[in-house]
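Here is target15.cif, consisting of mmCIF, C-alpha atoms and all ligand atoms:
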```
data_upload
#
loop_
_atom_site.label_atom_id
_atom_site.label_comp_id
_atom_site.auth_asym_id
_atom_site.auth_seq_id
_atom_site.Cartn_x
_atom_site.Cartn_y
_atom_site.Cartn_z
CA MET A 1 0.00 0.00 0.00
CA SER A 2 1.35 3.41 -0.91
CA ALA A 3 0.80 6.69 0.94
CA ALA A 4 -0.72 8.12 -2.25
CA GLY A 5 -4.20 7.19 -3.41
CA THR A 6 -7.69 8.11 -2.31
CA ARG A 7 -9.08 6.56 0.85
CA LEU A 8 -12.70 7.36 1.50
CA LEU A 9 -15.24 6.29 4.04
CA LEU A 10 -19.02 6.44 3.70
CA ILE A 11 -20.96 6.62 6.92
CA GLY A 12 -24.68 6.94 7.57
CA PRO A 13 -27.71 5.07 8.90
CA PRO A 14 -28.99 1.91 7.23
CA GLY A 15 -30.98 2.88 4.15
CA ALA A 16 -29.17 6.19 3.63
CA GLY A 17 -27.94 5.00 0.24
CA LYS A 18 -24.33 4.17 1.09
CA GLY A 19 -24.17 1.12 -1.16
CA THR A 20 -25.60 2.99 -4.14
CA GLN A 21 -23.22 5.93 -3.80
CA ALA A 22 -20.30 3.62 -3.01
CA SER A 23 -20.64 1.93 -6.37
CA VAL A 24 -20.78 5.25 -8.25
CA LEU A 25 -17.83 6.74 -6.35
CA SER A 26 -15.81 3.58 -6.80
CA THR A 27 -15.97 4.14 -10.56
CA THR A 28 -15.38 7.89 -10.31
CA PHE A 29 -12.29 7.54 -8.12
CA ASP A 30 -11.18 4.23 -9.63
CA VAL A 31 -10.86 2.52 -6.26
CA PRO A 32 -12.54 -0.65 -4.99
CA ALA A 33 -15.68 -0.20 -2.90
CA ILE A 34 -15.48 -2.43 0.12
CA SER A 35 -18.72 -3.20 1.94
CA THR A 36 -18.33 -5.30 5.07
CA GLY A 37 -22.09 -5.98 4.89
CA ASP A 38 -21.73 -7.42 1.36
CA ILE A 39 -18.74 -9.52 2.39
CA PHE A 40 -20.66 -10.88 5.37
CA ARG A 41 -23.75 -11.61 3.23
CA HIS A 42 -21.58 -13.45 0.70
CA ASN A 43 -20.12 -15.57 3.51
CA VAL A 44 -23.56 -16.27 4.96
CA ALA A 45 -24.86 -17.33 1.53
CA HIS A 46 -21.92 -19.72 1.07
CA GLU A 47 -22.15 -20.97 4.65
CA THR A 48 -18.47 -20.35 5.30
CA PRO A 49 -17.22 -20.54 8.91
CA LEU A 50 -17.22 -16.72 9.03
CA GLY A 51 -20.76 -16.63 7.63
CA LEU A 52 -21.97 -19.15 10.20
CA GLN A 53 -20.53 -16.98 12.96
CA ALA A 54 -21.93 -13.74 11.58
CA LYS A 55 -25.44 -14.85 10.62
CA ALA A 56 -27.24 -14.62 13.96
CA PHE A 57 -25.89 -11.12 14.63
CA MET A 58 -26.91 -9.92 11.18
CA ASP A 59 -30.39 -11.43 11.34
CA ALA A 60 -30.95 -9.67 14.68
CA GLY A 61 -29.67 -6.35 13.29
CA ASP A 62 -26.72 -6.33 15.68
CA ASN A 63 -23.15 -5.59 14.75
CA VAL A 64 -21.00 -8.62 14.11
CA PRO A 65 -18.30 -8.75 16.84
CA ASP A 66 -15.38 -6.38 16.26
CA SER A 67 -12.78 -9.14 16.34
CA LEU A 68 -14.33 -10.93 13.35
CA THR A 69 -14.94 -7.71 11.44
CA ASN A 70 -11.46 -6.33 12.04
CA ASP A 71 -9.79 -9.54 10.85
CA LEU A 72 -11.95 -9.52 7.75
CA ILE A 73 -11.09 -5.93 6.84
CA THR A 74 -7.37 -6.46 7.40
CA ASP A 75 -7.42 -9.37 4.95
CA ARG A 76 -9.36 -7.33 2.42
CA LEU A 77 -7.26 -4.17 2.64
CA GLU A 78 -4.07 -6.17 2.23
CA GLN A 79 -5.18 -7.34 -1.20
CA ALA A 80 -3.37 -5.80 -4.14
CA ASP A 81 -6.33 -3.85 -5.52
CA CYS A 82 -6.39 -1.66 -2.37
CA ALA A 83 -2.83 -0.47 -2.83
CA GLY A 84 -3.91 2.67 -4.68
CA GLY A 85 -6.78 3.55 -2.38
CA PHE A 86 -10.23 2.27 -1.45
CA LEU A 87 -13.69 3.29 -0.41
CA LEU A 88 -15.12 1.79 2.77
CA ASP A 89 -18.87 1.32 3.10
CA GLY A 90 -20.10 0.15 6.50
CA TYR A 91 -16.71 -0.02 8.18
CA PRO A 92 -15.66 1.22 10.71
CA ARG A 93 -18.90 1.07 12.68
CA THR A 94 -17.59 1.15 16.25
CA THR A 95 -14.80 2.99 18.08
CA ASP A 96 -12.92 -0.30 18.39
CA GLN A 97 -13.00 -0.63 14.60
CA VAL A 98 -11.69 2.94 14.22
CA ARG A 99 -8.75 2.06 16.46
CA HIS A 100 -8.09 -1.03 14.37
CA LEU A 101 -8.27 0.89 11.09
CA ASP A 102 -6.05 3.67 12.48
CA ALA A 103 -3.41 1.14 13.47
CA PHE A 104 -3.62 -0.64 10.12
CA LEU A 105 -3.23 2.60 8.17
CA ALA A 106 -0.44 3.90 10.40
CA GLY A 107 1.38 0.62 9.79
CA HIS A 108 1.23 1.37 6.07
CA ASP A 109 2.12 5.09 6.36
CA ALA A 110 -1.37 5.88 5.10
CA ALA A 111 -4.44 7.77 6.31
CA MET A 112 -8.05 8.38 5.35
CA ASN A 113 -8.60 11.38 3.07
CA ALA A 114 -12.27 12.05 3.77
CA VAL A 115 -15.36 10.75 5.51
CA VAL A 116 -18.66 11.25 3.69
CA GLN A 117 -21.56 11.39 6.12
CA LEU A 118 -24.84 10.59 4.34
CA VAL A 119 -27.66 12.24 6.23
CA ALA A 120 -31.19 10.83 5.99
CA ASP A 121 -34.26 11.15 8.15
CA PRO A 122 -35.13 7.94 10.07
CA ASP A 123 -38.68 7.86 8.65
CA VAL A 124 -37.33 8.03 5.11
CA VAL A 125 -34.82 5.24 5.67
CA VAL A 126 -37.42 2.97 7.26
CA GLU A 127 -39.63 3.50 4.23
CA ARG A 128 -36.75 2.82 1.79
CA LEU A 129 -35.78 -0.35 3.62
CA GLN A 130 -39.35 -1.62 3.64
CA LYS A 131 -39.33 -1.29 -0.13
CA ARG A 132 -36.01 -3.15 -0.28
CA ALA A 133 -37.40 -5.88 2.00
CA ILE A 134 -40.08 -6.56 -0.58
CA GLU A 135 -37.73 -6.30 -3.58
CA GLN A 136 -34.66 -8.13 -2.26
CA GLY A 137 -35.94 -10.15 0.68
CA ARG A 138 -33.11 -9.24 3.07
CA ALA A 139 -34.02 -10.80 6.43
CA ASP A 140 -32.67 -7.79 8.33
CA ASP A 141 -34.98 -5.39 6.46
CA ASP A 142 -37.95 -6.57 8.52
CA GLU A 143 -39.40 -3.44 10.19
CA SER A 144 -38.58 -4.28 13.82
CA VAL A 145 -35.05 -5.31 12.83
CA VAL A 146 -34.65 -2.09 10.85
CA ARG A 147 -35.64 -0.05 13.92
CA HIS A 148 -33.07 -1.96 15.93
CA ARG A 149 -30.38 -1.36 13.29
CA LEU A 150 -31.14 2.35 13.52
CA GLU A 151 -30.69 2.22 17.31
CA VAL A 152 -27.42 0.34 16.95
CA TYR A 153 -26.31 2.97 14.43
CA GLN A 154 -27.18 5.82 16.83
CA GLU A 155 -25.45 4.19 19.77
CA GLN A 156 -22.36 2.68 18.22
CA THR A 157 -21.70 4.36 14.88
CA ALA A 158 -22.99 7.96 15.07
CA PRO A 159 -20.29 8.85 17.65
CA LEU A 160 -17.64 8.15 15.00
CA ILE A 161 -18.80 11.25 13.13
CA ASP A 162 -17.64 13.49 16.01
CA LEU A 163 -14.39 11.63 16.15
CA TYR A 164 -13.67 12.12 12.45
CA THR A 165 -14.96 15.70 12.61
CA THR A 166 -12.22 16.55 15.12
CA ARG A 167 -9.78 15.28 12.50
CA GLY A 168 -11.30 17.65 9.91
CA LEU A 169 -12.31 14.81 7.62
CA VAL A 170 -16.11 14.91 7.54
CA VAL A 171 -18.36 16.27 4.81
CA ALA A 172 -22.05 16.00 5.69
CA ILE A 173 -24.24 15.37 2.65
CA ASP A 174 -28.01 15.39 2.36
CA GLY A 175 -28.81 11.86 1.16
CA ILE A 176 -32.34 12.64 0.01
CA GLY A 177 -32.88 13.21 -3.71
CA GLU A 178 -32.02 11.64 -7.04
CA ILE A 179 -28.99 9.36 -7.02
CA SER A 180 -27.09 11.65 -9.42
CA GLU A 181 -27.93 14.73 -7.33
CA VAL A 182 -26.58 13.11 -4.20
CA THR A 183 -23.44 12.05 -6.07
CA GLN A 184 -22.96 15.63 -7.24
CA ARG A 185 -23.28 16.92 -3.68
CA ILE A 186 -20.73 14.38 -2.49
CA LEU A 187 -18.24 15.35 -5.20
CA GLU A 188 -18.66 19.04 -4.32
CA GLY A 189 -18.23 18.26 -0.63
CA LEU A 190 -15.09 16.24 -1.28
CA GLN A 191 -13.69 19.04 -3.38
CA THR A 192 -13.85 21.36 -0.34
CA LEU A 193 -11.41 18.94 1.30
CA GLY A 194 -9.23 18.89 -1.78
CA VAL A 195 -10.28 15.36 -2.68
CA THR A 196 -10.90 15.09 -6.42
CA PRO A 197 -10.84 12.24 -8.94
CA ALA A 198 -7.56 11.85 -10.86
P1 LIG B 1 -26.79 -1.32 6.62
O1 LIG B 1 -25.75 -0.26 6.65
O2 LIG B 1 -27.94 -0.99 5.72
O3 LIG B 1 -27.22 -1.76 7.99
P2 LIG B 1 -24.83 -3.31 5.80
O4 LIG B 1 -24.92 -4.12 4.58
O5 LIG B 1 -23.74 -2.30 5.90
O6 LIG B 1 -26.26 -2.63 5.94
O7 LIG B 1 -24.72 -4.26 7.08
C1 LIG B 1 -25.60 -5.34 7.29
C2 LIG B 1 -25.20 -6.08 8.58
O8 LIG B 1 -23.88 -6.61 8.44
C3 LIG B 1 -25.14 -5.21 9.84
O9 LIG B 1 -26.41 -5.05 10.46
C4 LIG B 1 -24.17 -6.03 10.69
O10 LIG B 1 -24.81 -7.15 11.27
C5 LIG B 1 -23.17 -6.53 9.66
N1 LIG B 1 -22.02 -5.60 9.52
C6 LIG B 1 -21.68 -4.92 8.39
N2 LIG B 1 -20.59 -4.17 8.59
C7 LIG B 1 -20.23 -4.36 9.88
C8 LIG B 1 -19.20 -3.84 10.71
N3 LIG B 1 -18.29 -2.96 10.26
N4 LIG B 1 -19.15 -4.25 12.01
C9 LIG B 1 -20.03 -5.12 12.49
N5 LIG B 1 -21.04 -5.65 11.78
C10 LIG B 1 -21.15 -5.28 10.49
#
```

Please go through the file and, once you have read it, give me the structure as C-alpha cells.
Ligand code: ADP
Amino acid sequence: MSAAGTRLLLIGPPGAGKGTQASVLSTTFDVPAISTGDIFRHNVAHETPLGLQAKAFMDAGDNVPDSLTNDLITDRLEQADCAGGFLLDGYPRTTDQVRHLDAFLAGHDAAMNAVVQLVADPDVVVERLQKRAIEQGRADDDESVVRHRLEVYQEQTAPLIDLYTTRGLVVAIDGIGEISEVTQRILEGLQTLGVTPA
C-alpha cells in the first residue's frame, strides 16, 4: 500500500444509500468499494465458517463482533487492488473498529482522506428499507429489525462522526434526492477537502 491514493469512508444510517453511492464513487475515483455488509452476506450465503458466525448477529440487526470484522477488513485491505486507495462502506462502525483501522493505516504510512456522512431522516430510511425488504428479501430489512439497526447505528456508529470531525475529515451530505444529485453533492463536498478524482 502506498501513501498516495484516495481513501474514503461512507458513513450513515442503514438505508441512507451508502451502497448505491459507493458503487458510483468507486468508478469515479477508480478505487474498490469495500462493503463489510456485502462480504458478510456473501459468507452467509456460502455458509463459510465466518458466515456461520456472523449470521445470527446480522439477522438480529446487531453488529458482528469487532474481532471478526477487524480480521476480515485487514485481509481485504491487504489485497493488491487496495494499494492505490479504497472506499469503505459500512466499516468502521464502532470505536474499536476505528482504532483497528487507524493502526492498520499507520502501519502502512497511510491515512483516510475524507469521511462522507450521508444524512437521511429515520422515517425516510425505514420507508426505503421496507421497499427493499419486498424487492430483495433481506431478512434484516424486517421493520422491527430495521428499527433496531437504527438504534445500533445511533449508539455505536454515530459517535464516530464526532471523532472524524475533530480530524477535519467529515463532509455532511443530504442523502435525500435523485442518485445523481446526491453524487454531485458528495463530489462538491469532497472538493472542499481537496479530494478530487484523478
Ligand atoms: P446497513 O448499513 O444498511 O445496515 P450493511 O450491509 O452495511 O447494511 O450491514 C448489514 C449487517 O452486516 C449489519 O447489520 C451487521 O450485522 C453486519 N455488519 C456490516 N458491517 C459491519 C461492521 N463494520 N461491524 C459489524 N457488523 C457489520

Shell around Gln191 of chain A at 12 Å using all atoms listed in the file, local window under 4 positions removed, as a CSV table (one decimal) with C-alpha atoms, keeping the file's coordinate frame:
```csv
chain,number,residue,atom,x,y,z
A,113,ASN,CA,-8.6,11.4,3.1
A,114,ALA,CA,-12.3,12.0,3.8
A,116,VAL,CA,-18.7,11.2,3.7
A,169,LEU,CA,-12.3,14.8,7.6
A,170,VAL,CA,-16.1,14.9,7.5
A,171,VAL,CA,-18.4,16.3,4.8
A,184,GLN,CA,-23.0,15.6,-7.2
A,185,ARG,CA,-23.3,16.9,-3.7
A,186,ILE,CA,-20.7,14.4,-2.5
A,187,LEU,CA,-18.2,15.4,-5.2
A,195,VAL,CA,-10.3,15.4,-2.7
A,196,THR,CA,-10.9,15.1,-6.4
A,197,PRO,CA,-10.8,12.2,-8.9
```

Using all atoms listed in the file, I'd like a table of the residues in chain A that come within 6 Å of ligand LIG 1 (chain B); for each, show the closest atom pair and its distance in Å rounded to one decimal, ordered by chain and ascending number, as JSON lines.
```
{"residue": "A:Pro14", "atom": "CA", "partner": "B:LIG1", "partner_atom": "O2", "distance": 3.4}
{"residue": "A:Gly15", "atom": "CA", "partner": "B:LIG1", "partner_atom": "O2", "distance": 5.2}
{"residue": "A:Thr36", "atom": "CA", "partner": "B:LIG1", "partner_atom": "N2", "distance": 4.3}
{"residue": "A:Gly37", "atom": "CA", "partner": "B:LIG1", "partner_atom": "O4", "distance": 3.4}
{"residue": "A:Asp38", "atom": "CA", "partner": "B:LIG1", "partner_atom": "O4", "distance": 5.6}
{"residue": "A:Phe57", "atom": "CA", "partner": "B:LIG1", "partner_atom": "O10", "distance": 5.3}
{"residue": "A:Met58", "atom": "CA", "partner": "B:LIG1", "partner_atom": "O10", "distance": 3.5}
{"residue": "A:Gly61", "atom": "CA", "partner": "B:LIG1", "partner_atom": "O9", "distance": 4.5}
{"residue": "A:Asp62", "atom": "CA", "partner": "B:LIG1", "partner_atom": "O10", "distance": 4.9}
{"residue": "A:Asn63", "atom": "CA", "partner": "B:LIG1", "partner_atom": "N5", "distance": 3.6}
{"residue": "A:Val64", "atom": "CA", "partner": "B:LIG1", "partner_atom": "N5", "distance": 3.8}
{"residue": "A:Pro65", "atom": "CA", "partner": "B:LIG1", "partner_atom": "C9", "distance": 5.9}
{"residue": "A:Thr69", "atom": "CA", "partner": "B:LIG1", "partner_atom": "N4", "distance": 5.5}
{"residue": "A:Gly90", "atom": "CA", "partner": "B:LIG1", "partner_atom": "O5", "distance": 4.4}
{"residue": "A:Tyr91", "atom": "CA", "partner": "B:LIG1", "partner_atom": "N3", "distance": 3.9}
{"residue": "A:Pro92", "atom": "CA", "partner": "B:LIG1", "partner_atom": "N3", "distance": 5.0}
{"residue": "A:Arg93", "atom": "CA", "partner": "B:LIG1", "partner_atom": "N3", "distance": 4.7}
```

Taken to one decimal, the atom CA of Leu193 of chain A-atom CA of Leu105 of chain A distance is 19.5 Å

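Across the structure, atom CA of Asp81 of chain A and atom CA of Ala54 of chain A are spaced 25.2 Å apart.
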
Excluding Val115 of chain A and its own-chain neighbours fewer than 2 positions away, which residues fall within 9 Å of it when counting all atoms listed in the file? Please give them as number ranges by chain. A: 7-11, 112-113, 117, 161, 164-165, 169-172, 190

Put those residues in a file: C-alpha atoms, as an mmCIF file, keeping the file's coordinate frame.
```cif
data_model
loop_
_atom_site.group_PDB
_atom_site.id
_atom_site.type_symbol
_atom_site.label_atom_id
_atom_site.label_comp_id
_atom_site.auth_asym_id
_atom_site.auth_seq_id
_atom_site.Cartn_x
_atom_site.Cartn_y
_atom_site.Cartn_z
ATOM 1 C CA ARG A 7 -9.080 6.560 0.850
ATOM 2 C CA LEU A 8 -12.700 7.360 1.500
ATOM 3 C CA LEU A 9 -15.240 6.290 4.040
ATOM 4 C CA LEU A 10 -19.020 6.440 3.700
ATOM 5 C CA ILE A 11 -20.960 6.620 6.920
ATOM 6 C CA MET A 112 -8.050 8.380 5.350
ATOM 7 C CA ASN A 113 -8.600 11.380 3.070
ATOM 8 C CA GLN A 117 -21.560 11.390 6.120
ATOM 9 C CA ILE A 161 -18.800 11.250 13.130
ATOM 10 C CA TYR A 164 -13.670 12.120 12.450
ATOM 11 C CA THR A 165 -14.960 15.700 12.610
ATOM 12 C CA LEU A 169 -12.310 14.810 7.620
ATOM 13 C CA VAL A 170 -16.110 14.910 7.540
ATOM 14 C CA VAL A 171 -18.360 16.270 4.810
ATOM 15 C CA ALA A 172 -22.050 16.000 5.690
ATOM 16 C CA LEU A 190 -15.090 16.240 -1.280
#
```

Kindly indicate which residue among A:Phe104, A:Asp96, A:Asp140, A:Ala111 lies nearest to Arg167 of chain A, using all atoms listed in the file for the distances. A:Ala111

Missing atoms in segment 161-172 of chain A need filling: write out all heavy atoms for it as a CSV table (one decimal), in the coordinates of the input.
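Contents of the output file result-v1.csv:
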```csv
chain,number,residue,atom,x,y,z
A,161,ILE,N,-18.8,10.0,13.9
A,161,ILE,CA,-18.8,11.2,13.1
A,161,ILE,C,-18.1,12.4,13.9
A,161,ILE,O,-17.3,13.1,13.3
A,161,ILE,CB,-20.2,11.6,12.8
A,161,ILE,CG1,-20.8,10.5,11.8
A,161,ILE,CG2,-20.3,13.0,12.1
A,161,ILE,CD1,-22.3,10.6,11.7
A,162,ASP,N,-18.3,12.5,15.2
A,162,ASP,CA,-17.6,13.5,16.0
A,162,ASP,C,-16.1,13.2,16.0
A,162,ASP,O,-15.3,14.2,15.9
A,162,ASP,CB,-18.1,13.4,17.5
A,162,ASP,CG,-19.5,14.0,17.6
A,162,ASP,OD1,-20.0,14.7,16.7
A,162,ASP,OD2,-20.2,13.7,18.6
A,163,LEU,N,-15.8,12.0,16.1
A,163,LEU,CA,-14.4,11.6,16.2
A,163,LEU,C,-13.7,12.0,14.9
A,163,LEU,O,-12.6,12.7,14.9
A,163,LEU,CB,-14.4,10.1,16.3
A,163,LEU,CG,-13.1,9.4,16.8
A,163,LEU,CD1,-13.5,8.1,17.5
A,163,LEU,CD2,-12.2,9.1,15.6
A,164,TYR,N,-14.3,11.7,13.7
A,164,TYR,CA,-13.7,12.1,12.4
A,164,TYR,C,-13.8,13.6,12.2
A,164,TYR,O,-13.0,14.2,11.5
A,164,TYR,CB,-14.3,11.3,11.3
A,164,TYR,CG,-13.7,9.9,11.2
A,164,TYR,CD1,-14.5,8.8,11.4
A,164,TYR,CD2,-12.4,9.7,10.9
A,164,TYR,CE1,-14.0,7.5,11.3
A,164,TYR,CE2,-11.9,8.4,10.8
A,164,TYR,CZ,-12.7,7.3,11.0
A,164,TYR,OH,-12.2,6.0,10.9
A,165,THR,N,-14.8,14.3,12.8
A,165,THR,CA,-15.0,15.7,12.6
A,165,THR,C,-13.8,16.4,13.3
A,165,THR,O,-13.2,17.4,12.7
A,165,THR,CB,-16.3,16.2,13.2
A,165,THR,OG1,-17.4,15.6,12.5
A,165,THR,CG2,-16.4,17.7,13.1
A,166,THR,N,-13.4,15.9,14.4
A,166,THR,CA,-12.2,16.6,15.1
A,166,THR,C,-11.0,16.4,14.3
A,166,THR,O,-10.0,17.2,14.4
A,166,THR,CB,-12.0,16.0,16.5
A,166,THR,OG1,-11.6,14.6,16.4
A,166,THR,CG2,-13.2,16.1,17.4
A,167,ARG,N,-10.9,15.4,13.4
A,167,ARG,CA,-9.8,15.3,12.5
A,167,ARG,C,-9.9,16.1,11.2
A,167,ARG,O,-9.1,16.0,10.3
A,167,ARG,CB,-9.6,13.8,12.1
A,167,ARG,CG,-9.4,12.9,13.3
A,167,ARG,CD,-9.1,11.5,12.8
A,167,ARG,NE,-9.1,10.6,14.0
A,167,ARG,CZ,-8.9,9.3,13.9
A,167,ARG,NH1,-8.7,8.7,12.7
A,167,ARG,NH2,-9.0,8.5,15.0
A,168,GLY,N,-11.1,16.8,11.1
A,168,GLY,CA,-11.3,17.6,9.9
A,168,GLY,C,-11.6,16.9,8.7
A,168,GLY,O,-11.4,17.4,7.5
A,169,LEU,N,-12.1,15.7,8.8
A,169,LEU,CA,-12.3,14.8,7.6
A,169,LEU,C,-13.7,14.7,7.1
A,169,LEU,O,-14.0,14.1,6.1
A,169,LEU,CB,-11.8,13.4,7.9
A,169,LEU,CG,-10.3,13.2,8.1
A,169,LEU,CD1,-10.0,11.8,8.4
A,169,LEU,CD2,-9.6,13.6,6.8
A,170,VAL,N,-14.7,15.2,7.9
A,170,VAL,CA,-16.1,14.9,7.5
A,170,VAL,C,-16.8,15.9,6.6
A,170,VAL,O,-16.6,17.1,6.8
A,170,VAL,CB,-17.0,14.8,8.8
A,170,VAL,CG1,-18.4,14.6,8.5
A,170,VAL,CG2,-16.4,13.7,9.7
A,171,VAL,N,-17.4,15.4,5.6
A,171,VAL,CA,-18.4,16.3,4.8
A,171,VAL,C,-19.7,15.7,5.0
A,171,VAL,O,-19.9,14.5,4.7
A,171,VAL,CB,-18.0,16.4,3.3
A,171,VAL,CG1,-16.8,17.3,3.1
A,171,VAL,CG2,-17.7,15.0,2.7
A,172,ALA,N,-20.7,16.5,5.5
A,172,ALA,CA,-22.0,16.0,5.7
A,172,ALA,C,-22.9,16.3,4.5
A,172,ALA,O,-22.9,17.4,4.0
A,172,ALA,CB,-22.7,16.7,6.9
```
